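Coordinates from upload.cif are shown below (mmCIF, C-alpha atoms and all ligand atoms).
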data_upload
loop_
_atom_site.label_atom_id
_atom_site.label_comp_id
_atom_site.auth_asym_id
_atom_site.auth_seq_id
_atom_site.Cartn_x
_atom_site.Cartn_y
_atom_site.Cartn_z
CA MET A 150 -17.89 -34.17 8.12
CA LEU A 151 -17.94 -36.21 4.97
CA ASP A 152 -21.11 -36.09 3.02
CA GLU A 153 -22.31 -36.14 -0.52
CA PRO A 154 -19.75 -38.37 -2.15
CA VAL A 155 -19.48 -37.47 -5.80
CA ALA A 156 -19.46 -40.14 -8.47
CA ALA A 157 -16.30 -39.16 -10.23
CA GLY A 158 -15.09 -42.34 -11.83
CA PRO A 159 -12.42 -42.29 -14.45
CA GLN A 160 -14.88 -42.56 -17.34
CA ALA A 161 -16.75 -39.55 -16.12
CA THR A 162 -13.95 -37.13 -15.56
CA ALA A 163 -10.45 -38.49 -15.69
CA PRO A 164 -8.56 -37.04 -18.65
CA PRO A 165 -6.26 -39.29 -20.64
CA GLU A 166 -3.15 -38.25 -18.79
CA ALA A 167 -4.72 -38.75 -15.40
CA ASP A 168 -4.39 -41.95 -13.46
CA THR A 169 -6.80 -44.55 -14.70
CA ALA A 170 -7.41 -45.78 -11.18
CA SER A 171 -10.59 -44.36 -9.70
CA PRO A 172 -9.75 -41.09 -8.03
CA ASP A 173 -12.71 -41.50 -5.69
CA THR A 174 -13.05 -37.82 -5.21
CA GLU A 175 -15.56 -36.58 -2.72
CA VAL A 176 -16.99 -33.26 -1.77
CA VAL A 177 -16.72 -32.11 1.79
CA ALA A 178 -19.25 -29.76 3.37
CA PRO A 179 -20.90 -27.39 3.01
CA PRO A 180 -23.27 -29.76 1.18
CA THR A 181 -25.02 -28.34 -1.81
CA GLY A 182 -27.03 -29.50 -4.75
CA ASP A 183 -25.97 -28.68 -8.26
CA THR A 184 -25.25 -25.13 -7.32
CA VAL A 185 -22.57 -24.27 -4.87
CA ALA A 186 -24.28 -21.77 -2.64
CA PRO A 187 -22.17 -19.47 -0.57
CA ALA A 188 -22.57 -21.35 2.67
CA ALA A 189 -22.16 -19.41 5.85
CA PRO A 190 -18.68 -19.63 7.29
CA THR A 191 -18.67 -21.38 10.63
CA GLU A 192 -16.66 -18.60 12.16
CA GLU A 193 -16.23 -14.89 11.73
CA ILE A 194 -13.78 -13.77 9.08
CA ALA A 195 -11.87 -10.53 9.45
CA PRO A 196 -12.41 -8.13 6.54
CA ALA A 197 -9.56 -8.15 4.04
CA GLU A 198 -9.20 -4.39 4.05
CA GLY A 199 -6.42 -2.98 6.18
CA ARG A 200 -4.94 -6.37 6.98
CA LEU A 201 -1.32 -5.37 6.59
CA GLU A 202 -2.00 -2.36 8.75
CA ARG A 203 -3.38 -4.57 11.49
CA LEU A 204 -0.55 -7.03 11.15
CA ARG A 205 2.32 -4.56 11.12
CA GLY A 206 3.51 -5.40 14.58
CA ARG A 207 4.35 -8.90 13.35
CA LEU A 208 7.15 -7.48 11.25
CA GLY A 209 8.79 -6.26 14.41
CA ARG A 210 11.70 -8.62 14.30
CA SER A 211 12.62 -7.72 10.75
CA ARG A 212 12.51 -4.12 11.79
CA SER A 213 15.04 -4.50 14.53
CA THR A 214 17.69 -5.75 12.13
CA LEU A 215 17.13 -3.50 9.19
CA GLY A 216 15.53 -0.38 10.53
CA GLN A 217 17.40 0.29 13.71
CA GLY A 218 20.78 -0.77 12.36
CA LEU A 219 20.61 1.24 9.19
CA LEU A 220 18.99 4.33 10.56
CA GLY A 221 21.57 4.47 13.31
CA LEU A 222 24.39 4.34 10.78
CA LEU A 223 22.97 6.65 8.14
CA GLY A 224 21.60 9.19 10.56
CA ALA A 225 25.10 9.76 11.95
CA GLY A 226 26.00 11.97 9.02
CA ASP A 227 29.21 11.61 6.96
CA LEU A 228 29.99 7.95 6.55
CA ASP A 229 33.50 6.58 6.27
CA GLU A 230 34.35 3.35 4.48
CA ASP A 231 34.01 1.30 7.66
CA SER A 232 30.50 2.62 8.18
CA TRP A 233 29.54 1.79 4.61
CA GLU A 234 30.79 -1.72 5.17
CA GLU A 235 28.57 -1.90 8.20
CA VAL A 236 25.62 -0.71 6.15
CA GLU A 237 26.41 -3.45 3.65
CA ASP A 238 26.68 -6.09 6.36
CA THR A 239 23.39 -5.02 7.87
CA LEU A 240 21.62 -5.39 4.54
CA LEU A 241 23.23 -8.77 3.92
CA LEU A 242 22.32 -9.97 7.40
CA ALA A 243 18.73 -9.01 6.78
CA ASP A 244 18.79 -11.32 3.73
CA LEU A 245 18.66 -8.74 0.98
CA GLY A 246 21.20 -10.73 -1.01
CA SER A 247 24.38 -9.38 -2.53
CA ALA A 248 22.97 -7.98 -5.78
CA THR A 249 20.25 -5.99 -4.02
CA THR A 250 22.69 -4.91 -1.32
CA GLN A 251 25.17 -3.55 -3.87
CA GLN A 252 22.42 -1.70 -5.64
CA VAL A 253 21.00 -0.20 -2.44
CA VAL A 254 24.40 0.88 -1.17
CA ALA A 255 25.32 2.46 -4.52
CA LYS A 256 22.09 4.44 -4.57
CA LEU A 257 22.46 5.51 -0.96
CA ARG A 258 26.02 6.68 -1.50
CA GLU A 259 25.11 8.63 -4.56
CA ARG A 260 22.07 10.28 -3.05
CA ILE A 261 23.70 11.05 0.25
CA ALA A 262 26.53 12.73 -1.65
CA SER A 263 24.23 14.75 -3.85
CA ARG A 264 21.59 15.67 -1.31
CA GLY A 265 23.33 15.36 2.00
CA VAL A 266 21.79 13.62 4.96
CA ARG A 267 22.09 15.32 8.29
CA THR A 268 19.24 14.05 10.40
CA PRO A 269 17.70 10.66 11.22
CA ASP A 270 14.50 11.79 9.49
CA GLN A 271 16.35 12.52 6.27
CA ALA A 272 18.07 9.14 6.53
CA ARG A 273 14.75 7.42 7.00
CA GLU A 274 13.24 9.20 3.99
CA LEU A 275 16.16 8.32 1.75
CA LEU A 276 16.28 4.74 2.85
CA ARG A 277 12.55 4.39 2.35
CA GLU A 278 12.82 5.80 -1.16
CA VAL A 279 15.62 3.43 -2.16
CA LEU A 280 14.06 0.31 -0.65
CA VAL A 281 10.67 0.97 -2.21
CA GLU A 282 12.36 1.41 -5.58
CA GLU A 283 14.02 -1.97 -5.14
CA LEU A 284 10.70 -3.63 -4.59
CA GLY A 285 9.47 -2.52 -7.98
CA PRO A 286 6.20 -0.84 -7.07
CA GLN A 287 5.19 -1.02 -10.70
CA MET A 288 4.72 -4.79 -10.55
CA GLU A 289 1.22 -6.17 -10.77
CA ARG A 290 0.56 -7.66 -7.40
CA SER A 291 -3.10 -8.39 -7.22
CA VAL A 292 -4.22 -11.98 -7.26
CA ARG A 293 -5.70 -11.97 -10.74
CA ALA A 294 -9.16 -10.67 -11.31
CA LEU A 295 -11.84 -13.03 -10.21
CA SER A 296 -14.31 -12.18 -12.91
CA HIS A 297 -14.08 -14.64 -15.74
CA ASP A 298 -17.36 -14.47 -17.54
CA GLY A 299 -18.96 -17.56 -16.28
CA ARG A 300 -15.93 -19.58 -15.36
CA PRO A 301 -14.10 -19.70 -12.09
CA ALA A 302 -10.65 -18.25 -11.62
CA VAL A 303 -8.29 -21.16 -11.06
CA VAL A 304 -5.46 -20.70 -8.59
CA LEU A 305 -2.78 -23.35 -8.16
CA VAL A 306 -0.89 -23.20 -4.87
CA ALA A 307 2.56 -24.83 -4.99
CA GLY A 308 5.66 -25.09 -2.84
CA VAL A 309 7.70 -27.59 -0.85
CA ASN A 310 6.31 -29.20 2.26
CA GLY A 311 5.97 -27.18 5.38
CA THR A 312 6.14 -23.79 3.70
CA GLY A 313 2.48 -23.15 4.50
CA LYS A 314 0.62 -24.09 1.30
CA THR A 315 -2.46 -25.55 2.94
CA THR A 316 -2.63 -22.78 5.52
CA THR A 317 -2.23 -20.16 2.80
CA THR A 318 -4.90 -21.78 0.61
CA GLY A 319 -7.27 -21.74 3.58
CA LYS A 320 -6.45 -18.16 4.48
CA LEU A 321 -6.86 -17.06 0.87
CA ALA A 322 -10.27 -18.72 0.76
CA ARG A 323 -11.27 -16.68 3.77
CA VAL A 324 -10.09 -13.43 2.18
CA LEU A 325 -12.07 -14.20 -0.98
CA VAL A 326 -15.17 -15.24 0.95
CA ALA A 327 -14.91 -12.05 2.99
CA ASP A 328 -14.92 -10.17 -0.33
CA GLY A 329 -18.13 -11.92 -1.35
CA PHE A 330 -16.75 -14.59 -3.69
CA VAL A 331 -17.90 -18.18 -3.77
CA VAL A 332 -14.88 -20.42 -3.42
CA LEU A 333 -14.26 -24.11 -3.94
CA LEU A 334 -11.14 -25.83 -2.64
CA GLY A 335 -9.40 -28.74 -4.34
CA ALA A 336 -7.17 -30.94 -2.19
CA ALA A 337 -4.69 -32.09 -4.80
CA ASP A 338 -2.25 -33.09 -2.08
CA THR A 339 -3.17 -36.74 -1.96
CA PHE A 340 0.21 -37.78 -0.67
CA ARG A 341 -0.70 -36.90 2.88
CA ALA A 342 -4.24 -37.70 4.03
CA ALA A 343 -4.01 -35.17 6.82
CA ALA A 344 -3.42 -32.41 4.26
CA ALA A 345 -6.84 -32.96 2.65
CA GLU A 346 -8.41 -33.14 6.10
CA GLN A 347 -6.72 -29.89 7.07
CA LEU A 348 -7.90 -28.18 3.89
CA ALA A 349 -11.47 -29.41 4.33
CA THR A 350 -11.47 -27.96 7.83
CA TRP A 351 -10.33 -24.61 6.45
CA GLY A 352 -13.11 -24.90 3.86
CA GLU A 353 -15.77 -25.57 6.44
CA ARG A 354 -14.65 -22.64 8.53
CA ALA A 355 -14.67 -20.31 5.54
CA GLY A 356 -17.86 -21.64 3.99
CA ALA A 357 -16.19 -23.23 0.96
CA GLU A 358 -16.67 -26.71 -0.46
CA THR A 359 -13.68 -29.00 -0.71
CA VAL A 360 -13.20 -31.63 -3.39
CA ARG A 361 -10.69 -34.17 -2.30
CA GLY A 362 -9.35 -37.54 -3.24
CA ARG A 363 -8.49 -40.59 -1.29
CA GLU A 364 -4.92 -40.87 -0.02
CA GLY A 365 -2.79 -41.91 -2.95
CA ALA A 366 -5.37 -40.89 -5.58
CA ASP A 367 -4.07 -39.16 -8.67
CA PRO A 368 -3.69 -35.48 -7.76
CA ALA A 369 -4.30 -34.42 -11.36
CA SER A 370 -7.68 -36.19 -11.32
CA VAL A 371 -8.65 -34.53 -8.07
CA ALA A 372 -7.65 -31.12 -9.44
CA PHE A 373 -9.54 -31.83 -12.65
CA ASP A 374 -12.66 -32.84 -10.71
CA ALA A 375 -12.44 -29.78 -8.49
CA VAL A 376 -12.27 -27.43 -11.47
CA LYS A 377 -15.05 -29.35 -13.20
CA ARG A 378 -17.31 -29.11 -10.19
CA GLY A 379 -16.44 -25.47 -9.67
CA THR A 380 -17.22 -24.69 -13.31
CA GLU A 381 -20.50 -26.60 -13.32
CA SER A 382 -21.68 -25.05 -10.11
CA GLY A 383 -20.61 -21.54 -11.01
CA VAL A 384 -18.20 -20.68 -8.22
CA ASP A 385 -15.98 -17.62 -8.55
CA ALA A 386 -12.70 -19.27 -7.69
CA VAL A 387 -11.19 -22.73 -7.39
CA LEU A 388 -8.11 -22.89 -5.18
CA LEU A 389 -5.98 -26.00 -5.65
CA ASP A 390 -3.65 -27.07 -2.86
CA THR A 391 -0.87 -29.33 -4.15
CA ALA A 392 1.56 -31.74 -2.53
CA GLY A 393 4.88 -30.54 -1.21
CA ARG A 394 6.37 -33.86 -0.37
CA LEU A 395 6.94 -36.88 -2.53
CA HIS A 396 9.44 -39.66 -2.58
CA THR A 397 11.67 -37.75 -4.92
CA LYS A 398 11.99 -34.15 -5.94
CA THR A 399 11.66 -35.08 -9.59
CA GLY A 400 8.42 -36.84 -8.78
CA LEU A 401 7.08 -33.74 -7.10
CA MET A 402 7.90 -31.54 -10.06
CA ASP A 403 6.55 -34.01 -12.59
CA GLU A 404 3.35 -34.25 -10.61
CA LEU A 405 2.92 -30.51 -10.38
CA GLY A 406 3.47 -30.08 -14.10
CA LYS A 407 0.92 -32.80 -14.77
CA VAL A 408 -1.67 -31.26 -12.43
CA LYS A 409 -1.39 -27.98 -14.32
CA ARG A 410 -1.54 -29.57 -17.77
CA VAL A 411 -4.54 -31.69 -16.87
CA VAL A 412 -6.44 -28.75 -15.37
CA GLU A 413 -5.66 -26.71 -18.47
CA ARG A 414 -7.58 -29.14 -20.61
CA GLN A 415 -10.75 -27.61 -19.28
CA ALA A 416 -9.80 -24.22 -17.87
CA GLU A 417 -6.99 -21.73 -17.90
CA VAL A 418 -4.92 -21.66 -14.74
CA ASP A 419 -5.05 -17.98 -13.87
CA GLU A 420 -2.57 -17.92 -11.10
CA VAL A 421 0.25 -20.13 -9.88
CA LEU A 422 1.19 -19.01 -6.39
CA LEU A 423 4.49 -20.27 -5.10
CA VAL A 424 4.57 -20.43 -1.32
CA LEU A 425 8.01 -19.73 0.18
CA ASP A 426 8.92 -19.82 3.84
CA ALA A 427 10.68 -16.54 4.62
CA THR A 428 12.70 -18.15 7.39
CA THR A 429 14.53 -20.45 4.97
CA GLY A 430 16.42 -17.62 3.27
CA GLN A 431 18.53 -18.65 0.32
CA ASN A 432 16.95 -22.08 0.28
CA GLY A 433 13.64 -20.53 -0.68
CA LEU A 434 15.20 -18.94 -3.72
CA THR A 435 16.63 -22.24 -4.85
CA GLN A 436 13.19 -23.80 -4.52
CA ALA A 437 11.68 -20.97 -6.49
CA ARG A 438 14.08 -21.48 -9.37
CA VAL A 439 13.23 -25.18 -9.54
CA PHE A 440 9.48 -24.56 -9.45
CA GLY A 441 9.82 -21.83 -12.03
CA GLU A 442 11.23 -24.37 -14.47
CA VAL A 443 8.13 -26.53 -14.24
CA VAL A 444 5.27 -24.07 -13.97
CA ASP A 445 5.00 -20.38 -14.78
CA VAL A 446 4.88 -18.90 -11.33
CA THR A 447 2.72 -15.77 -11.39
CA GLY A 448 3.15 -14.70 -7.79
CA VAL A 449 4.94 -15.53 -4.58
CA VAL A 450 3.39 -15.88 -1.14
CA LEU A 451 6.04 -15.30 1.49
CA THR A 452 4.96 -16.98 4.69
CA LYS A 453 6.23 -16.78 8.26
CA LEU A 454 7.46 -13.23 7.89
CA ASP A 455 6.32 -12.87 11.48
CA GLY A 456 8.97 -15.35 12.56
CA THR A 457 12.07 -14.00 10.93
CA ALA A 458 14.52 -11.20 11.46
CA LYS A 459 15.20 -11.39 7.74
CA GLY A 460 12.38 -9.57 6.04
CA GLY A 461 14.94 -8.62 3.39
CA ILE A 462 14.24 -11.92 1.64
CA VAL A 463 11.35 -10.09 -0.02
CA PHE A 464 13.86 -8.02 -1.99
CA GLN A 465 15.77 -11.05 -3.20
CA VAL A 466 12.66 -12.92 -4.23
CA GLN A 467 11.55 -9.98 -6.23
CA ARG A 468 14.86 -9.28 -7.91
CA GLU A 469 15.96 -12.84 -8.61
CA LEU A 470 12.66 -14.29 -9.66
CA GLY A 471 11.21 -11.30 -11.41
CA VAL A 472 7.90 -12.46 -9.98
CA PRO A 473 5.95 -10.21 -7.63
CA VAL A 474 5.44 -11.07 -4.01
CA LYS A 475 1.66 -10.87 -3.88
CA LEU A 476 0.78 -12.02 -0.40
CA VAL A 477 2.54 -12.34 2.92
CA GLY A 478 1.82 -14.72 5.77
CA LEU A 479 2.22 -13.00 9.10
CA GLY A 480 1.14 -15.64 11.57
CA GLU A 481 -0.59 -18.95 12.12
CA GLY A 482 -3.97 -17.37 12.74
CA PRO A 483 -6.72 -17.81 10.16
CA ASP A 484 -6.70 -14.17 9.12
CA ASP A 485 -2.95 -13.63 9.14
CA LEU A 486 -2.57 -13.24 5.40
CA ALA A 487 -2.10 -9.80 3.89
CA PRO A 488 -1.60 -8.39 0.44
CA PHE A 489 1.97 -7.33 -0.09
CA GLU A 490 2.29 -3.57 -0.40
CA PRO A 491 5.86 -2.33 -0.92
CA GLU A 492 5.41 1.05 0.73
CA ALA A 493 3.64 -0.32 3.76
CA PHE A 494 6.19 -3.12 4.02
CA VAL A 495 9.16 -0.75 3.94
CA ASP A 496 7.46 1.55 6.43
CA ALA A 497 7.04 -1.40 8.75
CA LEU A 498 10.75 -2.24 8.38
CA LEU A 499 11.80 1.28 9.19
CA ARG A 500 9.36 2.18 11.87
N1 LIG B 601 4.25 -18.20 12.04
C1 LIG B 601 3.68 -18.55 10.90
N2 LIG B 601 3.39 -19.86 10.68
C2 LIG B 601 2.81 -20.20 9.52
C3 LIG B 601 2.49 -19.25 8.51
N3 LIG B 601 1.94 -19.91 7.47
C4 LIG B 601 1.91 -21.23 7.82
N4 LIG B 601 2.43 -21.42 9.04
C5 LIG B 601 2.59 -22.68 9.79
O1 LIG B 601 3.48 -23.52 9.07
C6 LIG B 601 3.17 -24.89 9.32
C7 LIG B 601 3.06 -25.64 8.00
O2 LIG B 601 1.94 -25.17 7.31
P1 LIG B 601 1.15 -26.06 6.25
O3 LIG B 601 0.10 -25.18 5.67
O4 LIG B 601 0.71 -27.35 6.82
O5 LIG B 601 2.30 -26.33 5.19
P2 LIG B 601 2.23 -27.13 3.81
O6 LIG B 601 3.15 -26.42 2.89
O7 LIG B 601 0.84 -27.28 3.35
O8 LIG B 601 2.85 -28.52 4.23
P3 LIG B 601 2.66 -29.98 3.53
O9 LIG B 601 1.19 -30.25 3.52
O10 LIG B 601 3.44 -30.88 4.42
O11 LIG B 601 3.22 -29.87 2.17
C8 LIG B 601 1.88 -24.86 10.12
O12 LIG B 601 2.19 -25.04 11.48
C9 LIG B 601 1.32 -23.47 9.89
O13 LIG B 601 0.52 -23.01 10.95
C10 LIG B 601 2.83 -17.86 8.77
O14 LIG B 601 2.63 -16.94 7.97
N5 LIG B 601 3.41 -17.59 9.98
#
Using structure tokens, write down the structure from this file.
Ligand SMILES: Nc1nc2c(ncn2[C@@H]2O[C@H](COP(=O)(O)OP(=O)(O)OP(=O)(O)O)[C@@H](O)[C@H]2O)c(=O)[nH]1
Amino acid sequence: MLDEPVAAGPQATAPPEADTASPDTEVVAPPTGDTVAPAAPTEEIAPAEGRLERLRGRLGRSRSTLGQGLLGLLGAGDLDEDSWEEVEDTLLLADLGSATTQQVVAKLRERIASRGVRTPDQARELLREVLVEELGPQMERSVRALSHDGRPAVVLVAGVNGTGKTTTTGKLARVLVADGFVVLLGAADTFRAAAAEQLATWGERAGAETVRGREGADPASVAFDAVKRGTESGVDAVLLDTAGRLHTKTGLMDELGKVKRVVERQAEVDEVLLVLDATTGQNGLTQARVFGEVVDVTGVVLTKLDGTAKGGIVFQVQRELGVPVKLVGLGEGPDDLAPFEPEAFVDALLR
């Protein structure tokens, strides 16, 4: 449903760096006047609380690699060098990466020697302790506070195409709406018309407005207009979905940097969430490094953890990027997004 086109010509809103061509942004339902009222979602949204708990079963495949393999080895008692090599291989196979693997093995060896491990339960406890330590429970993981004294929190969602950016933006909107926040979505992926359509559909379902531009419009202008509208109408959060595919990688990065700079002319960007597909392993880390050079990534969303036997990628992301994993995608369903909790995650791996 396309209604209430917004006059957002370049003179009105486009900042100097933005494209001078008319961005032709429009607002997609729910239609409102000057104030963005929390429109009723068109479908029921599951409460955010206890999501990871409900979604635990989805980590089943990761569990079979890490949990069963390691517990079997460690629970057997005194380990010879061959067994330690197997432990190492199991961790590497689960995508923990070599640095984390070395660290985990060193800690396990030391603690097994000093405390002794004789039963599977003791092995599980020790393994849990070491893995949780590796995930740095002290890291700040919440998506930054949504109270900004009269201005919306601005969240930029970035990542390469297909990782699940649009889906994650939509799911996040639902979580926030379920928590009582008024959300506005900005479809700054103007490279692919279907992406804006997809986001607007998520918005309608969650009860959030979507500001979007015509295919090929300047993404920075669309993002700027979305934040402007969100600020003027007093929403709690503006979530900006960005493009993941351009003709060249340099173009993509330049565009993302520009979107952020242009938005920052009127509001601080509170959160840059980098969406990584957990099934891509090492590739995801390479992407993360490249994105990190262009924008300060404040948190990672690891998607498709339901579809991989390599949940260990979480450890690598954390260690190599020094950025907390804040959210995990555990399915294609609209409510399959959960906050990342190290203890609960490790428990799911070892269950
Ligand atoms: N199994 C599973 N699938 C997911 C998850 N998150 C997203 N997907 C699927 O991944 C596919 C790509 O998701 P999109 O949200 O379109 O990805 P995108 O990054 O926005 O892609 P572009 O718009 O092309 O840049 C879709 O089929 C989603 O349903 C997840 O956590 N688990």
With only C-alpha atoms and all ligand atoms counted, collect every polymer residue having an atom within 6 Å of ligand LIG 601 (chain B); state the result as a list of chain:residue names. A:Val309, A:Asn310, A:Gly311, A:Thr312, A:Gly313, A:Lys314, A:Thr315, A:Thr316, A:Ala344, A:Ala392, A:Gly393, A:Arg394, A:Thr452, A:Lys453, A:Asp455, A:Gly456, A:Gly478, A:Leu479, A:Gly480, A:Glu481
Could you list as a PyMOL selection string every residue that has an atom within 10 Å of (18.8, 1.5, 12.2), using the file's coordinates and counting all atoms listed in the file? chain A and resi 212-224+236+239+269+272-273+498-500
Interatomic distance, CA of Val495 in chain A to CA of Glu234 in chain A (Å, one decimal): 21.7 Å
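Shortest separation to Val371 in chain A among A:Arg258, A:Arg290, A:Lys407, A:Arg438 occurs at residue A:Lys407, atoms counted being only C-alpha atoms.
As for CA of Leu348 in chain A and CA of Gly400 in chain A, they are spaced 22.4 Å apart.
If you look at CA of Gly299 in chain A and CA of Pro488 in chain A, they are 25.8 Å away from each other.
Nearest-residue note for Arg414 in chain A: choosing from A:Ser370, A:Thr191, A:Thr391, A:Gln252, the minimum distance belongs to A:Ser370, counting only C-alpha atoms.
Nearest-residue note for Arg323 in chain A: choosing from A:Gly460, A:Gly308, A:Gly352, A:Gly285, the minimum distance belongs to A:Gly352, counting only C-alpha atoms.
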One residue among A:Phe340, A:Phe373, A:Trp351, A:Phe489 is nearest to Val303 in chain A when using only C-alpha atoms, and that residue is A:Phe373
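Counting all atoms listed in the file, the residue from A:Gly362, A:Val444, A:Asp367, A:Glu417 that sits nearest to Met402 in chain A is A:Val444.
Here the question is which of A:Asp270, A:Asp244, A:Gly482, A:Ala345 gets nearest to Asn432 in chain A using all atoms listed in the file, and that residue is A:Asp244.
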Please determine the residues with any atom at most 9 Å from (-2.3, -28.4, -4.3) (coordinates as given in the file, with all atoms listed in the file counting) and report them as a VMD selection string. chain A and resid 305 to 308 314 to 315 318 335 to 339 368 372 388 to 393 405 408
Residues within 10 Å of Ala416 in chain A, only C-alpha atoms, excluding chain neighbours under 5 positions, as a list in words: Arg300, Pro301, Ala302, Val303, Phe373, Val376, Lys377, Thr380, Lys409, Arg410 and Val411 of chain A
Output, as AutoDock Vina command-line options, the centre and edge lengths in Å (one decimal) of the axis-aligned box that contains all listed atoms of range 353-356 of chain A with 4 Å of margin on each side.
--center_x -16.3 --center_y -22.9 --center_z 6.3 --size_x 11.2 --size_y 13.3 --size_z 12.5
Can you take the partial range 265-278 of chain A, add N, CA and C atoms, and return it as an mmCIF file, in the coordinates of the input?
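Writing done, so here's out33.cif:
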data_model
loop_
_atom_site.group_PDB
_atom_site.id
_atom_site.type_symbol
_atom_site.label_atom_id
_atom_site.label_comp_id
_atom_site.auth_asym_id
_atom_site.auth_seq_id
_atom_site.Cartn_x
_atom_site.Cartn_y
_atom_site.Cartn_z
ATOM 1 N N GLY A 265 22.915 15.173 0.610
ATOM 2 C CA GLY A 265 23.330 15.360 2.000
ATOM 3 C C GLY A 265 22.268 14.828 2.954
ATOM 4 N N VAL A 266 22.720 14.124 3.949
ATOM 5 C CA VAL A 266 21.790 13.620 4.960
ATOM 6 C C VAL A 266 22.342 14.033 6.311
ATOM 7 N N ARG A 267 21.582 14.803 7.018
ATOM 8 C CA ARG A 267 22.090 15.320 8.290
ATOM 9 C C ARG A 267 21.271 14.854 9.497
ATOM 10 N N THR A 268 20.090 14.411 9.254
ATOM 11 C CA THR A 268 19.240 14.050 10.400
ATOM 12 C C THR A 268 18.686 12.631 10.224
ATOM 13 N N PRO A 269 18.285 11.998 11.323
ATOM 14 C CA PRO A 269 17.700 10.660 11.220
ATOM 15 C C PRO A 269 16.461 10.662 10.315
ATOM 16 N N ASP A 270 15.694 11.728 10.328
ATOM 17 C CA ASP A 270 14.500 11.790 9.490
ATOM 18 C C ASP A 270 14.849 11.769 8.005
ATOM 19 N N GLN A 271 15.911 12.513 7.668
ATOM 20 C CA GLN A 271 16.350 12.520 6.270
ATOM 21 C C GLN A 271 16.847 11.134 5.868
ATOM 22 N N ALA A 272 17.546 10.488 6.802
ATOM 23 C CA ALA A 272 18.070 9.140 6.530
ATOM 24 C C ALA A 272 16.920 8.178 6.299
ATOM 25 N N ARG A 273 15.905 8.309 7.134
ATOM 26 C CA ARG A 273 14.750 7.420 7.000
ATOM 27 C C ARG A 273 14.070 7.626 5.644
ATOM 28 N N GLU A 274 13.920 8.875 5.253
ATOM 29 C CA GLU A 274 13.240 9.200 3.990
ATOM 30 C C GLU A 274 14.007 8.631 2.806
ATOM 31 N N LEU A 275 15.331 8.805 2.851
ATOM 32 C CA LEU A 275 16.160 8.320 1.750
ATOM 33 C C LEU A 275 16.136 6.796 1.676
ATOM 34 N N LEU A 276 16.275 6.200 2.808
ATOM 35 C CA LEU A 276 16.280 4.740 2.850
ATOM 36 C C LEU A 276 14.942 4.187 2.358
ATOM 37 N N ARG A 277 13.889 4.809 2.766
ATOM 38 C CA ARG A 277 12.550 4.390 2.350
ATOM 39 C C ARG A 277 12.437 4.450 0.819
ATOM 40 N N GLU A 278 12.898 5.577 0.291
ATOM 41 C CA GLU A 278 12.820 5.800 -1.160
ATOM 42 C C GLU A 278 13.566 4.691 -1.915
#
